[in-house]
>>> print(open('run.txt').read())   # compact mmCIF, C-alpha atoms and all ligand atoms
# COMPACT_ATOMS: atom_id res chain seq x y z
CA MET A 364 5.37 -37.11 -38.00
CA GLU A 365 3.87 -37.48 -34.55
CA GLN A 366 3.65 -34.49 -32.23
CA PHE A 367 3.60 -34.85 -28.46
CA THR A 368 3.02 -32.16 -25.88
CA THR A 369 2.96 -34.29 -22.73
CA ILE A 370 5.87 -36.13 -21.13
CA LYS A 371 3.69 -39.16 -20.48
CA SER A 372 2.64 -39.55 -24.11
CA ILE A 373 6.12 -39.24 -25.61
CA LYS A 374 7.57 -41.58 -22.96
CA ASN A 375 5.01 -44.22 -23.93
CA TRP A 376 5.84 -43.78 -27.61
CA ILE A 377 9.61 -44.01 -26.89
CA LYS A 378 9.03 -47.18 -24.86
CA GLU A 379 7.27 -48.72 -27.87
CA GLN A 380 10.17 -47.77 -30.18
CA LYS A 381 12.73 -49.24 -27.79
CA LYS A 382 10.72 -52.45 -27.47
CA ASN A 383 11.12 -52.75 -31.23
CA GLY A 384 14.89 -52.33 -30.90
CA LYS A 385 14.98 -48.84 -32.44
CA GLN A 386 17.94 -46.53 -31.83
CA ILE A 387 16.97 -42.96 -31.10
CA GLY A 388 18.65 -39.76 -32.28
CA PHE A 389 17.59 -36.58 -30.47
CA VAL A 390 17.83 -32.92 -31.51
CA PRO A 391 16.86 -30.45 -28.76
CA THR A 392 16.04 -26.92 -29.98
CA MET A 393 14.28 -23.75 -28.95
CA GLY A 394 12.42 -23.64 -32.25
CA PHE A 395 12.06 -20.99 -34.98
CA LEU A 396 13.91 -23.57 -37.01
CA HIS A 397 16.48 -22.78 -39.67
CA GLU A 398 19.07 -24.71 -41.70
CA GLY A 399 21.35 -24.97 -38.65
CA HIS A 400 18.73 -26.98 -36.76
CA LEU A 401 17.70 -28.89 -39.88
CA SER A 402 21.30 -29.95 -40.58
CA LEU A 403 21.37 -31.60 -37.13
CA MET A 404 18.04 -33.31 -37.83
CA LYS A 405 19.29 -34.55 -41.21
CA LYS A 406 22.44 -35.91 -39.59
CA ALA A 407 20.34 -37.63 -36.92
CA ARG A 408 18.12 -39.05 -39.70
CA GLU A 409 21.16 -40.65 -41.36
CA GLU A 410 22.55 -42.15 -38.17
CA ASN A 411 19.48 -43.45 -36.27
CA ASP A 412 16.32 -45.52 -36.73
CA ILE A 413 14.17 -42.88 -35.06
CA VAL A 414 14.61 -39.11 -34.88
CA VAL A 415 13.05 -37.06 -32.09
CA ALA A 416 13.31 -33.27 -32.04
CA SER A 417 12.12 -31.01 -29.26
CA ILE A 418 11.09 -27.38 -29.27
CA PHE A 419 11.15 -25.72 -25.89
CA VAL A 420 12.17 -22.18 -25.01
CA ASN A 421 13.59 -22.92 -21.59
CA PRO A 422 12.98 -20.05 -19.14
CA LEU A 423 15.63 -21.42 -16.78
CA GLN A 424 18.48 -20.52 -19.12
CA PHE A 425 17.45 -16.90 -19.68
CA GLY A 426 18.72 -14.27 -17.27
CA GLU A 427 16.91 -11.14 -16.17
CA GLY A 428 16.69 -8.61 -19.00
CA GLU A 429 17.46 -11.25 -21.62
CA ASP A 430 15.20 -12.04 -24.57
CA TYR A 431 12.94 -14.81 -23.23
CA GLU A 432 9.78 -12.81 -24.01
CA THR A 433 10.88 -11.72 -27.49
CA TYR A 434 12.48 -15.03 -28.51
CA PRO A 435 10.91 -15.73 -31.94
CA ARG A 436 8.36 -18.52 -32.18
CA ASP A 437 6.48 -20.10 -35.12
CA GLU A 438 5.04 -23.50 -34.24
CA LYS A 439 3.27 -24.18 -37.54
CA ARG A 440 6.30 -23.46 -39.68
CA ASP A 441 8.53 -25.47 -37.34
CA TYR A 442 6.17 -28.45 -37.62
CA GLU A 443 6.39 -28.42 -41.43
CA LEU A 444 10.18 -27.96 -41.48
CA ALA A 445 10.81 -30.80 -39.01
CA LYS A 446 8.43 -33.06 -40.93
CA GLY A 447 10.20 -32.14 -44.16
CA VAL A 448 13.56 -33.50 -42.98
CA GLY A 449 12.09 -36.76 -41.72
CA VAL A 450 11.73 -36.18 -37.97
CA ASP A 451 9.55 -38.97 -36.53
CA ALA A 452 8.41 -37.26 -33.36
CA LEU A 453 8.29 -33.62 -32.35
CA PHE A 454 8.12 -32.91 -28.63
CA THR A 455 6.67 -29.47 -27.84
CA PRO A 456 5.93 -29.26 -24.13
CA THR A 457 4.65 -26.15 -22.34
CA VAL A 458 6.60 -24.55 -19.52
CA GLN A 459 3.95 -25.90 -17.13
CA GLU A 460 4.52 -29.42 -18.47
CA MET A 461 8.30 -29.21 -18.02
CA TYR A 462 8.23 -27.33 -14.71
CA PRO A 463 4.90 -28.15 -12.98
CA GLN A 464 6.48 -27.06 -9.71
CA PRO A 465 9.78 -25.38 -8.86
CA MET A 466 12.64 -27.84 -9.35
CA SER A 467 13.75 -29.44 -6.08
CA ALA A 468 17.30 -29.85 -7.44
CA THR A 469 19.06 -28.27 -10.40
CA PHE A 470 22.52 -28.52 -11.92
CA ILE A 471 25.37 -26.16 -11.20
CA VAL A 472 28.05 -26.32 -13.86
CA HIS A 473 31.54 -25.68 -12.49
CA LYS A 474 33.87 -26.22 -15.42
CA GLY A 475 34.15 -23.99 -18.46
CA VAL A 476 31.46 -21.51 -17.36
CA ASP A 477 33.44 -18.60 -15.90
CA VAL A 478 34.61 -17.65 -19.39
CA LEU A 479 33.10 -16.54 -22.73
CA CYS A 480 29.27 -16.61 -22.59
CA GLY A 481 29.29 -17.97 -19.03
CA ALA A 482 31.06 -14.87 -17.73
CA ASN A 483 28.34 -12.61 -19.17
CA ARG A 484 25.35 -14.86 -18.57
CA PRO A 485 25.57 -16.11 -14.97
CA GLY A 486 23.45 -19.22 -14.45
CA HIS A 487 22.84 -19.70 -18.17
CA PHE A 488 24.67 -23.02 -18.45
CA ASP A 489 23.08 -24.24 -15.19
CA GLY A 490 19.72 -23.73 -16.89
CA VAL A 491 20.92 -25.45 -20.06
CA ALA A 492 22.34 -28.44 -18.13
CA THR A 493 19.13 -28.79 -16.11
CA VAL A 494 16.78 -28.76 -19.10
CA VAL A 495 18.99 -31.02 -21.22
CA MET A 496 19.20 -33.56 -18.39
CA LYS A 497 15.40 -33.43 -18.05
CA LEU A 498 15.01 -33.93 -21.81
CA PHE A 499 17.54 -36.79 -21.76
CA GLY A 500 15.47 -38.38 -18.96
CA ILE A 501 12.33 -38.13 -21.08
CA ILE A 502 13.70 -39.10 -24.51
CA THR A 503 16.51 -41.47 -23.37
CA PRO A 504 18.30 -41.07 -26.72
CA ASP A 505 21.23 -43.12 -27.99
CA ARG A 506 22.68 -40.05 -29.68
CA ALA A 507 22.04 -36.35 -29.13
CA TYR A 508 22.96 -33.68 -31.68
CA PHE A 509 24.27 -30.21 -30.85
CA GLY A 510 25.70 -27.48 -33.06
CA LEU A 511 29.20 -26.01 -32.80
CA LYS A 512 27.51 -22.61 -33.13
CA ASP A 513 27.06 -22.96 -29.36
CA ALA A 514 30.53 -24.39 -28.82
CA GLN A 515 30.67 -23.67 -25.09
CA GLN A 516 27.30 -25.36 -24.60
CA LEU A 517 28.62 -28.39 -26.47
CA ALA A 518 31.71 -28.52 -24.25
CA VAL A 519 29.57 -28.24 -21.10
CA LEU A 520 27.22 -31.01 -22.24
CA GLU A 521 30.04 -33.34 -23.29
CA ASN A 522 31.45 -32.97 -19.76
CA LEU A 523 28.04 -33.54 -18.18
CA VAL A 524 27.44 -36.77 -20.09
CA ARG A 525 30.88 -38.01 -19.09
CA ASP A 526 30.47 -36.98 -15.41
CA TYR A 527 27.07 -38.68 -15.10
CA HIS A 528 28.03 -41.83 -17.05
CA LEU A 529 25.15 -41.44 -19.49
CA ASP A 530 24.98 -43.87 -22.39
CA ILE A 531 24.38 -41.02 -24.80
CA GLU A 532 26.75 -40.13 -27.60
CA ILE A 533 26.99 -36.38 -28.09
CA VAL A 534 27.35 -35.63 -31.80
CA ARG A 535 28.78 -32.29 -32.96
CA GLY A 536 27.28 -30.53 -35.98
CA SER A 537 29.19 -27.85 -37.89
CA ILE A 538 27.98 -24.25 -38.13
CA VAL A 539 25.54 -23.47 -40.93
CA ARG A 540 25.85 -19.93 -42.30
CA GLU A 541 23.96 -17.48 -44.50
CA ASP A 542 25.50 -16.81 -47.94
CA ASP A 543 27.24 -13.74 -46.53
CA GLY A 544 28.81 -15.76 -43.70
CA LEU A 545 26.55 -14.76 -40.80
CA ALA A 546 25.92 -17.82 -38.62
CA LYS A 547 22.27 -18.83 -38.91
CA SER A 548 20.39 -18.07 -35.71
CA SER A 549 16.73 -17.82 -34.72
CA ARG A 550 17.68 -14.48 -33.18
CA ASN A 551 18.84 -12.93 -36.50
CA VAL A 552 15.25 -11.79 -37.21
CA ASN A 553 15.53 -9.43 -34.27
CA LEU A 554 18.41 -7.49 -35.86
CA THR A 555 17.65 -4.10 -37.41
CA ASP A 556 18.45 -3.76 -41.15
CA GLU A 557 21.58 -1.85 -40.33
CA GLU A 558 22.74 -4.44 -37.79
CA ARG A 559 21.96 -7.29 -40.18
CA GLY A 560 24.05 -5.49 -42.81
CA GLU A 561 27.21 -5.37 -40.70
CA ALA A 562 26.77 -8.63 -38.70
CA PRO A 563 28.61 -10.81 -41.29
CA TYR A 564 31.79 -8.93 -40.28
CA ILE A 565 31.80 -10.90 -37.02
CA TYR A 566 32.51 -14.13 -38.91
CA LYS A 567 34.73 -12.40 -41.46
CA THR A 568 36.93 -11.07 -38.64
CA LEU A 569 37.11 -14.44 -36.84
CA LYS A 570 38.04 -16.10 -40.14
CA ASP A 571 40.69 -13.46 -40.89
CA PHE A 572 42.23 -14.24 -37.49
CA ALA A 573 42.11 -17.97 -38.08
CA GLU A 574 44.11 -17.37 -41.27
CA LEU A 575 46.53 -15.04 -39.47
CA ILE A 576 47.12 -17.68 -36.78
CA GLU A 577 47.57 -20.39 -39.37
CA LYS A 578 50.32 -18.31 -40.99
CA GLY A 579 52.07 -18.48 -37.60
CA LYS A 580 53.75 -15.06 -37.64
CA GLU A 581 52.11 -13.78 -34.44
CA THR A 582 51.82 -16.32 -31.63
CA SER A 583 51.20 -14.16 -28.55
CA VAL A 584 47.54 -14.65 -27.65
CA PRO A 585 47.14 -11.42 -25.62
CA LYS A 586 48.47 -9.51 -28.66
CA LEU A 587 46.22 -11.41 -31.05
CA GLU A 588 43.18 -10.83 -28.81
CA ARG A 589 43.86 -7.10 -28.59
CA LYS A 590 44.11 -6.94 -32.39
CA LEU A 591 40.97 -9.04 -32.78
CA GLN A 592 39.01 -6.78 -30.45
CA SER A 593 40.17 -3.59 -32.12
CA LEU A 594 39.47 -4.90 -35.62
CA LEU A 595 35.97 -5.98 -34.55
CA ASN A 596 35.42 -2.54 -33.02
CA GLU A 597 36.41 -0.91 -36.29
CA ARG A 598 34.16 -3.13 -38.38
CA ILE A 599 30.98 -3.30 -36.31
CA SER A 600 28.90 -0.96 -34.19
CA GLY A 601 27.59 -3.59 -31.72
CA ASN A 602 29.13 -3.89 -28.24
CA ILE A 603 31.68 -6.64 -27.95
CA ASP A 604 30.97 -8.88 -24.95
CA TYR A 605 34.12 -10.86 -25.62
CA ALA A 606 36.50 -11.76 -28.43
CA GLU A 607 38.90 -14.42 -27.24
CA ILE A 608 41.13 -17.29 -28.23
CA ARG A 609 41.05 -20.41 -26.03
CA THR A 610 41.66 -24.14 -26.18
CA PHE A 611 38.70 -26.25 -27.31
CA PRO A 612 36.84 -28.02 -25.76
CA ALA A 613 38.60 -27.29 -22.43
CA LEU A 614 38.24 -23.50 -22.98
CA GLU A 615 41.50 -22.81 -21.17
CA LYS A 616 43.50 -19.62 -21.50
CA ILE A 617 46.51 -19.69 -23.83
CA ASP A 618 49.56 -17.44 -23.50
CA ASP A 619 51.42 -18.36 -26.61
CA LEU A 620 50.30 -20.44 -29.56
CA SER A 621 53.77 -21.82 -30.19
CA ASN A 622 53.31 -24.05 -27.10
CA GLU A 623 49.89 -25.22 -28.19
CA THR A 624 48.82 -28.41 -29.93
CA GLY A 625 45.26 -29.39 -30.71
CA ASP A 626 42.11 -27.39 -31.33
CA ILE A 627 41.69 -23.75 -30.44
CA ILE A 628 38.54 -21.65 -30.60
CA ILE A 629 38.38 -18.03 -31.74
CA ALA A 630 35.05 -16.86 -30.33
CA ALA A 631 33.11 -13.62 -30.09
CA ALA A 632 29.83 -12.34 -28.71
CA VAL A 633 28.34 -9.04 -29.83
CA ARG A 634 25.43 -7.18 -28.30
CA TYR A 635 23.06 -5.38 -30.64
CA SER A 636 19.96 -3.38 -29.72
CA LYS A 637 17.67 -6.39 -29.25
CA VAL A 638 19.92 -9.42 -29.66
CA ARG A 639 23.26 -10.79 -28.66
CA LEU A 640 25.03 -12.75 -31.41
CA ILE A 641 27.71 -15.39 -30.90
CA ASP A 642 30.02 -17.01 -33.40
CA ASN A 643 33.28 -18.92 -33.47
CA VAL A 644 35.88 -20.57 -35.64
CA ILE A 645 37.74 -23.67 -34.44
CA ILE A 646 41.11 -24.51 -35.93
CA ASN A 647 43.80 -27.07 -35.24
CA VAL A 648 47.20 -25.67 -34.34
CA SER A 649 49.17 -28.92 -34.09
CA GLN A 650 52.54 -28.40 -35.79
P1 LIG B 1 18.73 -23.32 -30.36
O1 LIG B 1 17.38 -23.54 -30.92
O2 LIG B 1 19.34 -22.01 -30.70
O3 LIG B 1 18.83 -23.67 -28.89
O4 LIG B 1 19.68 -24.38 -31.08
C1 LIG B 1 19.39 -25.75 -31.05
C2 LIG B 1 20.59 -26.49 -31.57
O5 LIG B 1 20.87 -26.07 -32.90
C3 LIG B 1 21.85 -26.23 -30.74
O6 LIG B 1 22.58 -27.43 -30.61
C4 LIG B 1 22.58 -25.22 -31.58
O7 LIG B 1 23.98 -25.24 -31.39
C5 LIG B 1 22.22 -25.66 -32.99
N1 LIG B 1 22.38 -24.56 -33.93
C6 LIG B 1 21.84 -23.32 -33.85
N2 LIG B 1 22.26 -22.56 -34.88
C7 LIG B 1 23.10 -23.32 -35.61
C8 LIG B 1 23.85 -23.10 -36.80
N3 LIG B 1 23.84 -21.94 -37.44
N4 LIG B 1 24.59 -24.12 -37.28
C9 LIG B 1 24.62 -25.32 -36.64
N5 LIG B 1 23.92 -25.59 -35.51
C10 LIG B 1 23.17 -24.61 -35.00
>>> encode(input="run.txt", output="structure tokens")
Amino acid sequence: MEQFTTIKSIKNWIKEQKKNGKQIGFVPTMGFLHEGHLSLMKKAREENDIVVASIFVNPLQFGEGEDYETYPRDEKRDYELAKGVGVDALFTPTVQEMYPQPMSATFIVHKGVDVLCGANRPGHFDGVATVVMKLFGIITPDRAYFGLKDAQQLAVLENLVRDYHLDIEIVRGSIVREDDGLAKSSRNVNLTDEERGEAPYIYKTLKDFAELIEKGKETSVPKLERKLQSLLNERISGNIDYAEIRTFPALEKIDDLSNETGDIIIAAAVRYSKVRLIDNVIINVSQ
């Protein structure tokens, strides 16, 4: 596996690959890799000639008081893990390399960002869109892989690629979980033992609600959301940022499920002492 830290060097390497007719699959990450990231890399390995992964903790997408400084990092381990799943090139730029001067223009995302994580993290998806567009400009992939763990991010990026007519296929990867159901996340290491013990109840509660909805007895979404929030409150000590049911990927509000066809997302975000966890379950409610 090759490792590149400069934009110039990876661009040259990409140019060489393209000259040889290679199709490129790209997996952007913030590192501290786990099975969730690796599943995307494995999928990219199966579907492309060349796999490029990036590790970059993007300061632009972290708000004030968020965990940019304490975001876990382990470059050596990440290198070995990426190599182990057959990544061809690992791109690990510094902040200085990615942002040598303040950006003269950045993205402002309008759709799907006043809800869920966007409502609690103003500017977050602007930062995500800006860095992903920069990375797309550098890597020029044929396919880019993103996890449904960050479902709202996926929805935002799918819209961005459509709006800007990019010849990049966005590929969705399903959520990889720990044995007890907790969604794998680099941030899980920053949970206290007690928090880690109860955190699987976030998924358990979302799954219980997916089953309840599938049974079809209760269809009023405001009622379901109130129940969801109170059950989460009973089961966990973290602060609930949101626990909502919306359409996916449009993320629109729903009044009653009996009028709904297609995919819906049951999503929650929970704040613990040092980390904020997100999780979701997507189900199809077509009759
Ligand atoms: P991150 O390093 O957290 O920015 O994540 C990089 C990519 O991996 C994003 O597309 C995430 O959605 C995806 N990802 C993170 N955790 C998981 C998981 N548990 N299962 C599947 N994909 C994930």
>>> residues_near_ligand(input="run.txt", ligand="ligand LIG 1 (chain B)", cutoff="8 Å", atoms="all atoms listed in the file", output="ChimeraX atom specification")
/A:390-400,402-403,418,420,508-514,516-517,536-540,546-549
>>> closest_atom_pairs(input="run.txt", of="region 368-465 of chain A", to="region 617-640 of chain A", cutoff="10 Å", atoms="all atoms listed in the file", output="JSON lines")
{"residue": "A:Glu429", "atom": "CA", "partner": "A:Val638", "partner_atom": "CA", "distance": 8.6}
{"residue": "A:Asp430", "atom": "CA", "partner": "A:Val638", "partner_atom": "CA", "distance": 7.4}
{"residue": "A:Thr433", "atom": "CA", "partner": "A:Lys637", "partner_atom": "CA", "distance": 8.8}
{"residue": "A:Tyr434", "atom": "CA", "partner": "A:Val638", "partner_atom": "CA", "distance": 9.4}
>>> atom_distance(input="run.txt", atom1="CA of Leu444 (chain A)", atom2="CA of Gln424 (chain A)")
25.0 Å
>>> atom_distance(input="run.txt", atom1="CA of Tyr605 (chain A)", atom2="CA of Leu479 (chain A)")
6.5 Å
>>> atom_distance(input="run.txt", atom1="CA of Gly388 (chain A)", atom2="CA of Arg506 (chain A)")
4.8 Å
>>> closest_residue(input="run.txt", among="A:Arg550, A:Arg589, A:Arg408, A:Arg598", to="Gln386 (chain A)", atoms="all atoms listed in the file")
A:Arg408
>>> closest_residue(input="run.txt", among="A:Pro435, A:Pro585, A:Gly490, A:Gly475", to="Thr610 (chain A)", atoms="only C-alpha atoms")
A:Gly475
>>> closest_residue(input="run.txt", among="A:Asn643, A:Thr493, A:Thr368, A:Thr455", to="Tyr566 (chain A)", atoms="all atoms listed in the file")
A:Asn643
>>> residues_near_point(input="run.txt", point="(29.0, -33.3, -27.0)", cutoff="8 Å", atoms="all atoms listed in the file", output="list in words")
Ala507, Tyr508, Phe509, Leu517, Ala518, Val519, Leu520, Glu521, Asn522, Val524, Glu532, Ile533, Val534 and Arg535 of chain A
>>> closest_residue(input="run.txt", among="A:Glu557, A:Glu443, A:Glu615, A:Glu379", to="Gln515 (chain A)", atoms="only C-alpha atoms")
A:Glu615
>>> closest_residue(input="run.txt", among="A:Ala452, A:Val472, A:Val478, A:Leu423", to="Val494 (chain A)", atoms="all atoms listed in the file")
A:Leu423
>>> axis_aligned_box(input="run.txt", around="region 585-591 of chain A", padding_each_side="5 Å", output="lines of an AutoDock Vina configuration file")
center_x = 44.7
center_y = -9.2
center_z = -29.2
size_x = 17.5
size_y = 14.5
size_z = 17.2
>>> closest_residue(input="run.txt", among="A:Leu614, A:Val458, A:Leu523, A:Val476", to="Thr369 (chain A)", atoms="only C-alpha atoms")
A:Val458
>>> build_atoms(input="run.txt", residues="region 555-566 of chain A", atoms="all heavy atoms", output="mmCIF file, in the coordinates of the input")
data_model
loop_
_atom_site.group_PDB
_atom_site.id
_atom_site.type_symbol
_atom_site.label_atom_id
_atom_site.label_comp_id
_atom_site.auth_asym_id
_atom_site.auth_seq_id
_atom_site.Cartn_x
_atom_site.Cartn_y
_atom_site.Cartn_z
ATOM 1 N N THR A 555 18.144 -5.158 -36.519
ATOM 2 C CA THR A 555 17.650 -4.100 -37.410
ATOM 3 C C THR A 555 18.348 -4.287 -38.773
ATOM 4 O O THR A 555 19.341 -5.016 -38.871
ATOM 5 C CB THR A 555 18.014 -2.698 -36.874
ATOM 6 O OG1 THR A 555 19.448 -2.576 -36.899
ATOM 7 C CG2 THR A 555 17.502 -2.482 -35.455
ATOM 8 N N ASP A 556 17.846 -3.616 -39.806
ATOM 9 C CA ASP A 556 18.450 -3.760 -41.150
ATOM 10 C C ASP A 556 19.923 -3.388 -41.125
ATOM 11 O O ASP A 556 20.757 -4.055 -41.742
ATOM 12 C CB ASP A 556 17.723 -2.868 -42.170
ATOM 13 C CG ASP A 556 16.344 -3.425 -42.478
ATOM 14 O OD1 ASP A 556 16.075 -4.584 -42.090
ATOM 15 O OD2 ASP A 556 15.532 -2.694 -43.083
ATOM 16 N N GLU A 557 20.197 -2.323 -40.395
ATOM 17 C CA GLU A 557 21.580 -1.850 -40.330
ATOM 18 C C GLU A 557 22.478 -2.886 -39.637
ATOM 19 O O GLU A 557 23.579 -3.190 -40.098
ATOM 20 C CB GLU A 557 21.613 -0.544 -39.546
ATOM 21 C CG GLU A 557 22.788 0.331 -39.865
ATOM 22 C CD GLU A 557 22.666 1.660 -39.119
ATOM 23 O OE1 GLU A 557 21.577 2.284 -39.200
ATOM 24 O OE2 GLU A 557 23.628 2.010 -38.448
ATOM 25 N N GLU A 558 21.964 -3.438 -38.524
ATOM 26 C CA GLU A 558 22.740 -4.440 -37.790
ATOM 27 C C GLU A 558 22.945 -5.694 -38.637
ATOM 28 O O GLU A 558 24.030 -6.266 -38.677
ATOM 29 C CB GLU A 558 22.016 -4.801 -36.478
ATOM 30 C CG GLU A 558 22.001 -3.667 -35.468
ATOM 31 C CD GLU A 558 21.014 -3.878 -34.324
ATOM 32 O OE1 GLU A 558 20.134 -4.778 -34.420
ATOM 33 O OE2 GLU A 558 21.091 -3.129 -33.329
ATOM 34 N N ARG A 559 21.869 -6.091 -39.325
ATOM 35 C CA ARG A 559 21.960 -7.290 -40.180
ATOM 36 C C ARG A 559 23.010 -7.066 -41.285
ATOM 37 O O ARG A 559 23.714 -7.994 -41.690
ATOM 38 C CB ARG A 559 20.577 -7.601 -40.795
ATOM 39 C CG ARG A 559 20.569 -8.749 -41.789
ATOM 40 C CD ARG A 559 20.957 -10.064 -41.118
ATOM 41 N NE ARG A 559 21.121 -11.144 -42.094
ATOM 42 C CZ ARG A 559 22.247 -11.376 -42.779
ATOM 43 N NH1 ARG A 559 23.300 -10.590 -42.625
ATOM 44 N NH2 ARG A 559 22.322 -12.388 -43.618
ATOM 45 N N GLY A 560 23.097 -5.825 -41.758
ATOM 46 C CA GLY A 560 24.050 -5.490 -42.810
ATOM 47 C C GLY A 560 25.500 -5.675 -42.372
ATOM 48 O O GLY A 560 26.335 -6.155 -43.140
ATOM 49 N N GLU A 561 25.808 -5.316 -41.146
ATOM 50 C CA GLU A 561 27.210 -5.370 -40.700
ATOM 51 C C GLU A 561 27.557 -6.677 -39.979
ATOM 52 O O GLU A 561 28.736 -7.012 -39.833
ATOM 53 C CB GLU A 561 27.528 -4.179 -39.798
ATOM 54 C CG GLU A 561 26.730 -4.219 -38.491
ATOM 55 C CD GLU A 561 27.296 -3.291 -37.426
ATOM 56 O OE1 GLU A 561 27.473 -2.110 -37.745
ATOM 57 O OE2 GLU A 561 27.542 -3.766 -36.300
ATOM 58 N N ALA A 562 26.533 -7.426 -39.524
ATOM 59 C CA ALA A 562 26.770 -8.630 -38.700
ATOM 60 C C ALA A 562 27.698 -9.672 -39.351
ATOM 61 O O ALA A 562 28.452 -10.336 -38.633
ATOM 62 C CB ALA A 562 25.442 -9.253 -38.286
ATOM 63 N N PRO A 563 27.694 -9.820 -40.685
ATOM 64 C CA PRO A 563 28.610 -10.810 -41.290
ATOM 65 C C PRO A 563 30.087 -10.521 -40.999
ATOM 66 O O PRO A 563 30.921 -11.412 -41.105
ATOM 67 C CB PRO A 563 28.331 -10.694 -42.796
ATOM 68 C CG PRO A 563 26.934 -10.173 -42.870
ATOM 69 C CD PRO A 563 26.775 -9.267 -41.689
ATOM 70 N N TYR A 564 30.402 -9.261 -40.598
ATOM 71 C CA TYR A 564 31.790 -8.930 -40.280
ATOM 72 C C TYR A 564 32.281 -9.649 -39.028
ATOM 73 O O TYR A 564 33.487 -9.749 -38.800
ATOM 74 C CB TYR A 564 31.979 -7.416 -40.138
ATOM 75 C CG TYR A 564 32.156 -6.770 -41.488
ATOM 76 C CD1 TYR A 564 31.123 -6.063 -42.083
ATOM 77 C CD2 TYR A 564 33.358 -6.916 -42.179
ATOM 78 C CE1 TYR A 564 31.275 -5.503 -43.345
ATOM 79 C CE2 TYR A 564 33.525 -6.358 -43.439
ATOM 80 C CZ TYR A 564 32.480 -5.659 -44.012
ATOM 81 O OH TYR A 564 32.641 -5.119 -45.248
ATOM 82 N N ILE A 565 31.356 -10.145 -38.207
ATOM 83 C CA ILE A 565 31.800 -10.900 -37.020
ATOM 84 C C ILE A 565 32.544 -12.149 -37.518
ATOM 85 O O ILE A 565 33.690 -12.395 -37.152
ATOM 86 C CB ILE A 565 30.598 -11.296 -36.123
ATOM 87 C CG1 ILE A 565 29.824 -10.055 -35.680
ATOM 88 C CG2 ILE A 565 31.086 -12.111 -34.915
ATOM 89 C CD1 ILE A 565 28.496 -10.360 -35.006
ATOM 90 N N TYR A 566 31.876 -12.901 -38.377
ATOM 91 C CA TYR A 566 32.510 -14.130 -38.910
ATOM 92 C C TYR A 566 33.740 -13.793 -39.741
ATOM 93 O O TYR A 566 34.779 -14.439 -39.616
ATOM 94 C CB TYR A 566 31.493 -14.909 -39.753
ATOM 95 C CG TYR A 566 32.110 -16.106 -40.453
ATOM 96 C CD1 TYR A 566 32.780 -17.091 -39.732
ATOM 97 C CD2 TYR A 566 32.027 -16.241 -41.835
ATOM 98 C CE1 TYR A 566 33.354 -18.189 -40.372
ATOM 99 C CE2 TYR A 566 32.595 -17.336 -42.483
ATOM 100 C CZ TYR A 566 33.257 -18.301 -41.746
ATOM 101 O OH TYR A 566 33.820 -19.381 -42.377
#
